[in-house]
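Enquirer: Provided below: start39.cif, containing mmCIF, C-alpha atoms.
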data_input
loop_
_atom_site.label_atom_id
_atom_site.label_comp_id
_atom_site.auth_asym_id
_atom_site.auth_seq_id
_atom_site.Cartn_x
_atom_site.Cartn_y
_atom_site.Cartn_z
CA MET A 1 1.18 -0.58 16.91
CA LYS A 2 2.91 -3.94 16.85
CA THR A 3 4.39 -3.04 13.46
CA THR A 4 5.75 0.25 14.71
CA LYS A 5 7.30 -1.40 17.75
CA THR A 6 8.90 -4.14 15.68
CA LEU A 7 10.37 -1.60 13.29
CA LEU A 8 11.92 0.35 16.14
CA LEU A 9 13.51 -2.79 17.53
CA THR A 10 14.89 -4.18 14.31
CA SER A 11 15.78 -1.33 12.02
CA LYS A 12 19.33 0.03 11.84
CA PHE A 13 18.19 3.19 10.11
CA PRO A 14 16.62 5.71 12.50
CA ARG A 15 15.75 8.24 9.78
CA ILE A 16 14.05 5.60 7.66
CA GLU A 17 12.27 4.46 10.83
CA ALA A 18 10.95 7.95 11.39
CA ALA A 19 9.75 8.26 7.80
CA LEU A 20 8.10 4.85 7.92
CA ILE A 21 6.45 5.51 11.24
CA ALA A 22 5.12 8.82 9.91
CA ALA A 23 3.72 7.03 6.87
CA TRP A 24 2.14 4.38 9.08
CA VAL A 25 0.61 7.03 11.30
CA ILE A 26 -0.87 8.77 8.26
CA ALA A 27 -2.14 5.39 7.11
CA ALA A 28 -3.24 4.15 10.49
CA ALA A 29 -6.87 3.95 9.54
CA VAL A 30 -6.45 2.24 6.28
CA SER A 31 -3.74 0.02 3.27
CA SER A 32 -3.52 -1.67 -2.66
CA GLU A 33 -3.33 -3.65 -5.43
CA GLY A 34 -3.34 -1.09 -8.19
CA LYS A 35 -0.86 -0.71 -11.03
CA PRO A 36 2.81 -0.21 -10.02
CA LEU A 37 3.24 2.63 -12.51
CA SER A 38 1.54 5.97 -13.02
CA TYR A 39 2.06 8.74 -15.57
CA VAL A 40 5.47 10.31 -16.38
CA GLY A 41 6.35 12.60 -13.47
CA GLY A 42 3.73 11.02 -11.21
CA LEU A 43 4.28 9.94 -7.62
CA MET A 44 2.53 6.99 -6.04
CA LEU A 45 2.23 6.11 -2.37
CA MET A 46 0.93 2.69 -1.44
CA GLN A 47 0.41 0.60 1.64
CA GLU A 48 -0.90 -2.96 2.10
CA ASN A 49 -1.79 -4.70 5.35
CA ASP A 50 -2.76 -8.36 5.08
CA GLU A 51 -1.94 -11.84 6.32
CA THR A 52 1.57 -11.67 4.80
CA GLY A 53 2.43 -8.54 6.80
CA HIS A 54 2.69 -4.84 6.06
CA THR A 55 4.03 -3.35 2.83
CA PHE A 56 4.86 0.24 2.07
CA SER A 57 6.08 1.62 -1.23
CA PHE A 58 6.70 5.04 -2.69
CA ASP A 59 7.38 5.32 -6.44
CA TYR A 60 8.22 7.95 -9.03
CA THR A 61 7.37 7.21 -12.66
CA PHE A 62 10.19 8.56 -14.80
CA THR A 63 9.41 7.07 -18.23
CA PRO A 64 6.14 5.72 -19.70
CA THR A 65 7.32 2.22 -18.80
CA GLU A 66 9.46 2.58 -15.65
CA ALA A 67 9.04 3.71 -12.06
CA PHE A 68 11.65 3.81 -9.35
CA GLY A 69 11.06 3.88 -5.60
CA LEU A 70 11.40 2.47 -2.12
CA TYR A 71 9.86 -0.81 -0.99
CA VAL A 72 9.53 -1.84 2.65
CA LYS A 73 7.97 -5.08 3.81
CA GLN A 74 7.38 -6.17 7.38
CA ASP A 75 6.71 -9.87 6.95
CA GLU A 76 4.52 -11.42 9.62
CA ASN A 77 3.59 -14.69 7.94
CA GLY A 78 5.89 -17.00 9.88
CA LYS A 79 9.09 -15.07 10.60
CA GLU A 80 8.96 -11.35 11.37
CA ILE A 81 11.36 -10.19 8.66
CA LEU A 82 11.90 -6.55 7.80
CA MET A 83 12.96 -5.95 4.21
CA ILE A 84 14.03 -2.58 2.80
CA THR A 85 14.94 -2.29 -0.88
CA PRO A 86 14.95 0.23 -3.68
CA GLU A 87 12.55 -1.04 -6.32
CA ILE A 88 12.13 -0.71 -10.06
CA ASN A 89 8.78 -1.32 -11.68
CA THR A 90 8.73 -2.00 -15.43
CA LEU A 91 5.85 -2.20 -17.83
CA LEU A 92 6.82 -5.11 -20.08
CA LYS A 93 3.77 -5.03 -22.32
CA ARG A 94 0.50 -3.11 -22.54
CA TRP A 95 -2.58 -3.63 -24.68
CA ASN A 96 -5.08 -0.77 -24.89
CA PHE A 97 -8.56 -1.83 -25.99
CA ALA A 98 -11.71 0.19 -26.61
CA ASP A 99 -13.20 -1.09 -23.37
CA GLY A 100 -10.21 -2.10 -21.31
CA GLN A 101 -6.52 -2.45 -20.75
CA ALA A 102 -4.20 -5.43 -20.20
CA ASN A 103 -0.68 -5.23 -18.82
CA ILE A 104 2.32 -7.29 -17.85
CA PHE A 105 4.59 -5.68 -15.26
CA ASN A 106 7.77 -6.70 -13.49
CA MET A 107 8.61 -5.33 -10.08
CA SER A 108 12.05 -6.04 -8.59
CA GLY A 109 14.18 -4.91 -5.69
CA ALA A 110 17.57 -5.54 -4.09
CA GLY A 111 18.48 -4.40 -0.58
CA LEU A 112 18.57 -5.60 2.99
CA ALA A 113 16.55 -8.04 5.11
CA ASN A 114 16.69 -8.18 8.91
CA TYR A 115 15.53 -10.97 11.19
CA LYS A 116 16.37 -10.86 14.89
CA GLY A 117 19.43 -8.69 14.28
CA ASN A 118 20.70 -10.80 11.41
CA ASN A 119 21.16 -8.65 8.31
CA GLN A 120 21.13 -10.42 4.98
CA PRO A 121 21.05 -9.35 1.35
CA ALA A 122 17.51 -9.30 0.03
CA LEU A 123 16.34 -9.81 -3.52
CA TRP A 124 12.80 -10.04 -4.78
CA THR A 125 11.02 -10.06 -8.09
CA ALA A 126 7.35 -10.25 -9.02
CA PHE A 127 5.31 -10.27 -12.21
CA LEU A 128 1.84 -8.83 -12.47
CA ALA A 129 -0.50 -9.68 -15.35
CA ASP A 130 -3.84 -7.90 -15.33
CA TYR A 131 -6.88 -7.11 -17.44
CA GLU A 132 -9.22 -4.35 -16.40
CA SER A 133 -12.34 -2.89 -17.97
CA ARG A 134 -14.77 -0.55 -16.30
CA ARG A 135 -16.80 -3.64 -15.32
CA TRP A 136 -14.30 -6.51 -14.88
CA PHE A 137 -10.92 -6.99 -13.25
CA PHE A 138 -8.57 -10.00 -13.40
CA SER A 139 -4.99 -10.28 -12.17
CA TYR A 140 -2.31 -12.83 -11.40
CA GLU A 141 0.94 -12.15 -9.56
CA PRO A 142 3.73 -14.62 -8.75
CA ARG A 143 6.39 -13.30 -6.33
CA PHE A 144 9.85 -14.67 -5.52
CA VAL A 145 11.80 -13.54 -2.44
CA TYR A 146 15.40 -14.32 -1.42
CA ASP A 147 16.43 -13.12 2.05
CA GLY A 148 19.93 -14.68 2.24
CA ASN A 149 20.04 -17.36 4.93
CA ILE A 150 16.85 -16.07 6.57
CA GLU A 151 14.30 -17.30 4.07
CA LYS A 152 13.61 -18.08 0.43
CA SER A 153 9.97 -17.96 -0.53
CA PHE A 154 7.49 -17.95 -3.36
CA TRP A 155 3.86 -16.98 -3.29
CA GLU A 156 1.22 -16.27 -5.86
CA ARG A 157 -1.91 -14.14 -5.87
CA ALA A 158 -4.94 -14.03 -8.17
CA ARG A 159 -7.89 -11.64 -8.21
CA VAL A 160 -11.29 -11.38 -9.86
CA GLY A 161 -13.46 -8.30 -9.53
CA ILE A 162 -16.72 -6.84 -10.78
CA ALA A 163 -18.04 -3.28 -10.59
CA PRO A 164 -21.76 -3.38 -9.69
CA TYR A 165 -22.33 -0.03 -11.40
CA LEU A 166 -20.31 2.10 -13.85
CA ALA A 167 -19.17 5.45 -12.54
CA ASN A 168 -17.08 8.20 -14.02
CA TYR A 169 -13.74 8.99 -12.46
CA ASN A 170 -14.98 11.96 -10.43
CA GLU A 171 -17.65 9.76 -8.83
CA LEU A 172 -17.20 7.01 -6.29
CA ASN A 173 -16.33 3.70 -7.99
CA THR A 174 -17.03 0.48 -6.11
CA TRP A 175 -15.68 -2.98 -6.85
CA PHE A 176 -16.49 -6.38 -5.34
CA MET A 177 -13.44 -8.60 -5.52
CA VAL A 178 -12.12 -11.97 -4.44
CA GLN A 179 -8.42 -12.50 -3.90
CA VAL A 180 -6.74 -15.88 -3.48
CA ASP A 181 -3.20 -16.17 -2.12
CA HIS A 182 -1.19 -19.38 -2.33
CA HIS A 183 1.92 -20.01 -0.23
CA PRO A 184 3.47 -23.28 -1.51
CA ALA A 185 6.42 -23.06 0.91
CA LYS A 186 4.18 -22.58 3.93
CA HIS A 187 2.25 -25.87 4.16
CA ASP A 188 0.71 -25.20 0.72
CA HIS A 189 -1.46 -22.63 2.44
CA PHE A 190 -4.38 -20.96 0.56
CA VAL A 191 -6.02 -17.75 1.77
CA ALA A 192 -9.23 -16.41 0.23
CA THR A 193 -10.19 -12.75 0.71
CA PRO A 194 -13.49 -11.22 -0.30
CA LEU A 195 -12.96 -7.48 -0.44
CA ILE A 196 -14.47 -4.16 -1.44
CA ARG A 197 -12.47 -1.63 -3.43
CA PHE A 198 -13.38 2.03 -3.44
CA PHE A 199 -11.94 4.30 -6.08
CA TYR A 200 -12.37 8.05 -6.15
CA LYS A 201 -10.25 10.16 -8.54
CA SER A 202 -6.67 9.21 -7.57
CA TYR A 203 -7.51 7.58 -4.22
CA LEU A 204 -7.96 3.85 -3.82
CA LEU A 205 -9.02 2.01 -0.66
CA GLU A 206 -9.57 -1.72 -0.19
CA VAL A 207 -11.05 -3.49 2.80
CA GLY A 208 -11.36 -7.25 3.11
CA TYR A 209 -11.55 -10.09 5.54
CA GLN A 210 -9.23 -13.06 4.99
CA SER A 211 -10.08 -16.72 5.47
CA ASP A 212 -7.27 -17.03 8.00
CA ARG A 213 -8.96 -14.34 10.09
CA HIS A 214 -6.84 -11.35 9.17
CA LEU A 215 -8.22 -7.97 8.25
CA MET A 216 -6.98 -6.69 4.88
CA LEU A 217 -6.63 -2.92 4.54
CA ASN A 218 -4.90 -1.46 1.47
CA TRP A 219 -4.64 2.07 0.14
CA GLN A 220 -3.00 3.89 -2.74
CA VAL A 221 -2.69 7.55 -3.65
CA GLN A 222 -1.38 8.95 -6.91
CA PHE A 223 -0.30 12.56 -7.12
CA MET B 1 -17.86 50.72 -48.03
CA LYS B 2 -14.16 49.93 -48.43
CA ARG B 3 -13.57 51.98 -45.30
CA TYR B 4 -15.70 49.56 -43.26
CA LEU B 5 -14.62 46.35 -44.97
CA LEU B 6 -10.97 46.58 -44.04
CA PRO B 7 -11.47 46.75 -40.25
CA ILE B 8 -14.05 43.95 -40.41
CA ILE B 9 -11.73 41.67 -42.37
CA THR B 10 -8.81 42.55 -40.13
CA SER B 11 -10.72 41.86 -36.93
CA LEU B 12 -12.07 38.59 -38.30
CA SER B 13 -8.56 37.51 -39.27
CA LEU B 14 -7.20 38.46 -35.87
CA SER B 15 -9.95 36.60 -34.04
CA ALA B 16 -9.10 33.51 -36.10
CA ILE B 17 -5.44 33.85 -35.19
CA VAL B 18 -5.95 34.30 -31.43
CA SER B 19 -8.82 31.82 -31.01
CA ALA B 20 -8.36 28.70 -28.96
CA ASP B 21 -8.70 25.09 -30.10
CA THR B 22 -11.01 22.53 -28.56
CA ILE B 23 -9.61 19.09 -29.24
CA ASN B 24 -11.56 15.89 -28.69
CA ALA B 25 -9.35 12.82 -28.58
CA HIS B 26 -10.94 9.37 -28.59
CA VAL B 27 -8.71 7.22 -26.42
CA ASN B 28 -8.42 3.47 -25.84
CA GLY B 29 -7.42 1.95 -22.51
CA MET B 30 -8.90 4.46 -20.06
CA VAL B 31 -10.75 2.53 -17.40
CA CYS B 32 -10.17 4.08 -14.00
CA GLY B 33 -9.58 7.16 -11.92
CA PHE B 34 -5.81 6.74 -12.04
CA CYS B 35 -6.00 6.81 -15.86
CA ALA B 36 -8.00 10.03 -15.80
CA THR B 37 -5.78 11.69 -13.21
CA GLY B 38 -2.63 10.81 -15.14
CA ILE B 39 -4.01 12.32 -18.35
CA GLU B 40 -5.31 15.43 -16.60
CA LYS B 41 -2.04 16.12 -14.84
CA THR B 42 0.00 15.47 -17.98
CA PHE B 43 -2.02 17.98 -20.01
CA LYS B 44 -2.32 20.60 -17.29
CA ALA B 45 1.48 20.73 -17.18
CA GLN B 46 1.57 21.89 -20.84
CA PRO B 47 1.88 25.66 -21.44
CA GLU B 48 -0.57 25.53 -24.38
CA VAL B 49 -3.39 23.93 -22.40
CA ALA B 50 -6.16 25.96 -20.74
CA SER B 51 -8.28 23.03 -19.54
CA VAL B 52 -8.67 19.28 -19.89
CA LYS B 53 -11.59 16.99 -19.20
CA VAL B 54 -11.63 13.19 -19.20
CA ASP B 55 -14.83 11.21 -19.74
CA LEU B 56 -14.41 7.50 -19.08
CA GLN B 57 -17.94 6.74 -20.32
CA SER B 58 -17.39 8.15 -23.82
CA LYS B 59 -13.60 7.42 -23.77
CA LEU B 60 -13.02 11.04 -24.61
CA VAL B 61 -10.27 13.48 -23.61
CA THR B 62 -11.29 17.09 -24.31
CA VAL B 63 -8.48 19.62 -24.34
CA SER B 64 -8.95 23.37 -24.70
CA THR B 65 -5.92 25.40 -25.63
CA LYS B 66 -5.13 28.94 -24.54
CA ASP B 67 -5.92 31.82 -26.89
CA GLY B 68 -3.52 31.85 -29.78
CA LYS B 69 -2.02 28.49 -28.80
CA THR B 70 -2.40 25.13 -30.41
CA LEU B 71 -1.44 21.56 -29.75
CA ASP B 72 -0.59 19.51 -32.78
CA ASP B 73 -1.69 15.91 -33.25
CA ALA B 74 1.80 14.48 -32.84
CA LYS B 75 2.30 16.13 -29.43
CA LEU B 76 -1.20 15.21 -28.29
CA LYS B 77 -0.64 11.55 -29.21
CA LYS B 78 2.74 11.54 -27.47
CA LEU B 79 1.32 13.01 -24.26
CA ILE B 80 -1.47 10.46 -24.14
CA ALA B 81 1.00 7.65 -24.91
CA ASN B 82 3.25 8.88 -22.08
CA ALA B 83 0.28 8.62 -19.75
CA GLY B 84 -0.18 5.00 -20.93
CA TYR B 85 -3.02 5.14 -23.46
CA SER B 86 -3.65 5.07 -27.22
CA VAL B 87 -5.31 7.74 -29.37
CA VAL B 88 -7.85 6.34 -31.82
CA SER B 89 -8.97 9.60 -33.47
CA ILE B 90 -8.83 13.39 -33.02
CA ASP B 91 -11.53 15.99 -33.77
CA ARG B 92 -10.83 19.71 -33.64
CA THR B 93 -13.09 22.74 -33.35
CA LYS B 94 -12.14 26.42 -33.17
#
Turn this file's structure into structure tokens for me.
Expert:
Amino acid sequence: MKTTKTLLLTSKFPRIEAALIAAWVIAAAVSSEGKPLSYVGGLMLMQENDETGHTFSFDYTFTPTEAFGLYVKQDENGKEILMITPEINTLLKRWNFADGQANIFNMSGAGLANYKGNNQPALWTAFLADYESRRWFFSYEPRFVYDGNIEKSFWERARVGIAPYLANYNELNTWFMVQVDHHPAKHDHFVATPLIRFFYKSYLLEVGYQSDRHLMLNWQVQF
Amino acid sequence: MKRYLLPIITSLSLSAIVSADTINAHVNGMVCGFCATGIEKTFKAQPEVASVKVDLQSKLVTVSTKDGKTLDDAKLKKLIANAGYSVVSIDRTK
């Protein structure tokens, strides 16, 4: 509710507001950390709610290695900054193994950031390196954000996960994971998050509780 | 005898021409539901394909083609590569 209210107060784009609010309403009960790319022609809708704020993205994969979409971030870790940018997600390298897959992605966007009525150019870029088998999951993601004279920040995220049982894709998959976030610019702050990931066909849901007492709720749908 | 042989041979030939293929592709890199969905949707969008099934356990993609249609190895490999995965081997049955 707080997010919706903040968006209404700060955004200069009423139509985008309406679309975002609709997405938030649809997602009210839930929020992902899956791959930023699907199959050629595939659409991906994703929302994350955690201690850094609320993130929404909608992407269309147009080549085997590139997806294009919209990225919106309502930052609540310190300043309440709203960032809206088009984004491009690029698969830089992929390794397919018999029992797993490893990837290096880049995600980048350029657009607008707003803080208390002050609009600034916004630029961000992140890299995601992951390895996933049906049993194990590892990832590392450094992220750089430039919001003009509002803020410049860097944070990094790492994850380890294990599937307690192996399920096929049309069965419910469950993962136990631990995520660690590091915010060097914010008092060298570390946040640990034990979480459970549920995966069923093209639906992903993650629920966790963060060491700084925030609930983490992520979701992702591919269609 | 000749009178019966000709129709039999003709019908056998025709059934061979219009029969469908079942293709089993062994694929590397498939680990999750998103992988399976991507492959399924990619193949279902092809006019030659009647059905597709993904088995993460056996790393197998099974594609059945429509009667009289076929999907050659090059196209099959390209479709799976477009979905993000690598074909290791292909087995075909009529």
Enquirer: Which residue is closest to chain B? Choose from A:Thr174, A:Ser108, A:Asn49, A:Gln210 and count only C-alpha atoms.
Expert: A:Thr174
Enquirer: Evaluate the PyMOL selection byres ((chain A and resi 69) around 10) here and jot the selected residues down as a compact mmCIF listing (two decimals) with C-alpha atoms, in the coordinates of the input.
Expert:
# COMPACT_ATOMS: atom_id res chain seq x y z
CA LEU A 43 4.28 9.94 -7.62
CA MET A 44 2.53 6.99 -6.04
CA LEU A 45 2.23 6.11 -2.37
CA SER A 57 6.08 1.62 -1.23
CA PHE A 58 6.70 5.04 -2.69
CA ASP A 59 7.38 5.32 -6.44
CA TYR A 60 8.22 7.95 -9.03
CA THR A 61 7.37 7.21 -12.66
CA ALA A 67 9.04 3.71 -12.06
CA PHE A 68 11.65 3.81 -9.35
CA LEU A 70 11.40 2.47 -2.12
CA TYR A 71 9.86 -0.81 -0.99
CA THR A 85 14.94 -2.29 -0.88
CA PRO A 86 14.95 0.23 -3.68
CA GLU A 87 12.55 -1.04 -6.32
CA ILE A 88 12.13 -0.71 -10.06
CA ASN A 89 8.78 -1.32 -11.68
CA GLY A 109 14.18 -4.91 -5.69
Enquirer: Give me the result of the PyMOL selection byres ((chain A) within 12 of (chain B)) on this file, residue by residue, as a VMD selection string.
Expert: chain A and resid 34 to 44 61 to 66 91 93 to 103 131 to 137 163 166 to 175 198 to 204 220 to 223
Enquirer: Pick the closest to Thr22 in chain B from B:Thr62, B:Ala74, B:Ile90, B:Lys69: which is it, counting all atoms listed in the file?
Expert: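 Among B:Thr62, B:Ala74, B:Ile90, B:Lys69, it is B:Thr62 that comes nearest to Thr22 in chain B.
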Enquirer: What does the distance between CA of Glu48 in chain B and CA of Asp73 in chain B come to in Å, to one decimal place?
Expert: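 So the two atoms, CA of Glu48 in chain B and CA of Asp73 in chain B, lie 13.1 Å apart.
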Enquirer: Take the point (4.1, -18.9, 6.9) in the file's coordinates, draw a sphere of radius 12 Å around it, and report as a PyMOL selection string every protein, DNA or RNA residue with an atom inside or on it, counting all atoms listed in the file.
Expert: chain A and resi 51-53+75-81+151-155+181-191+212
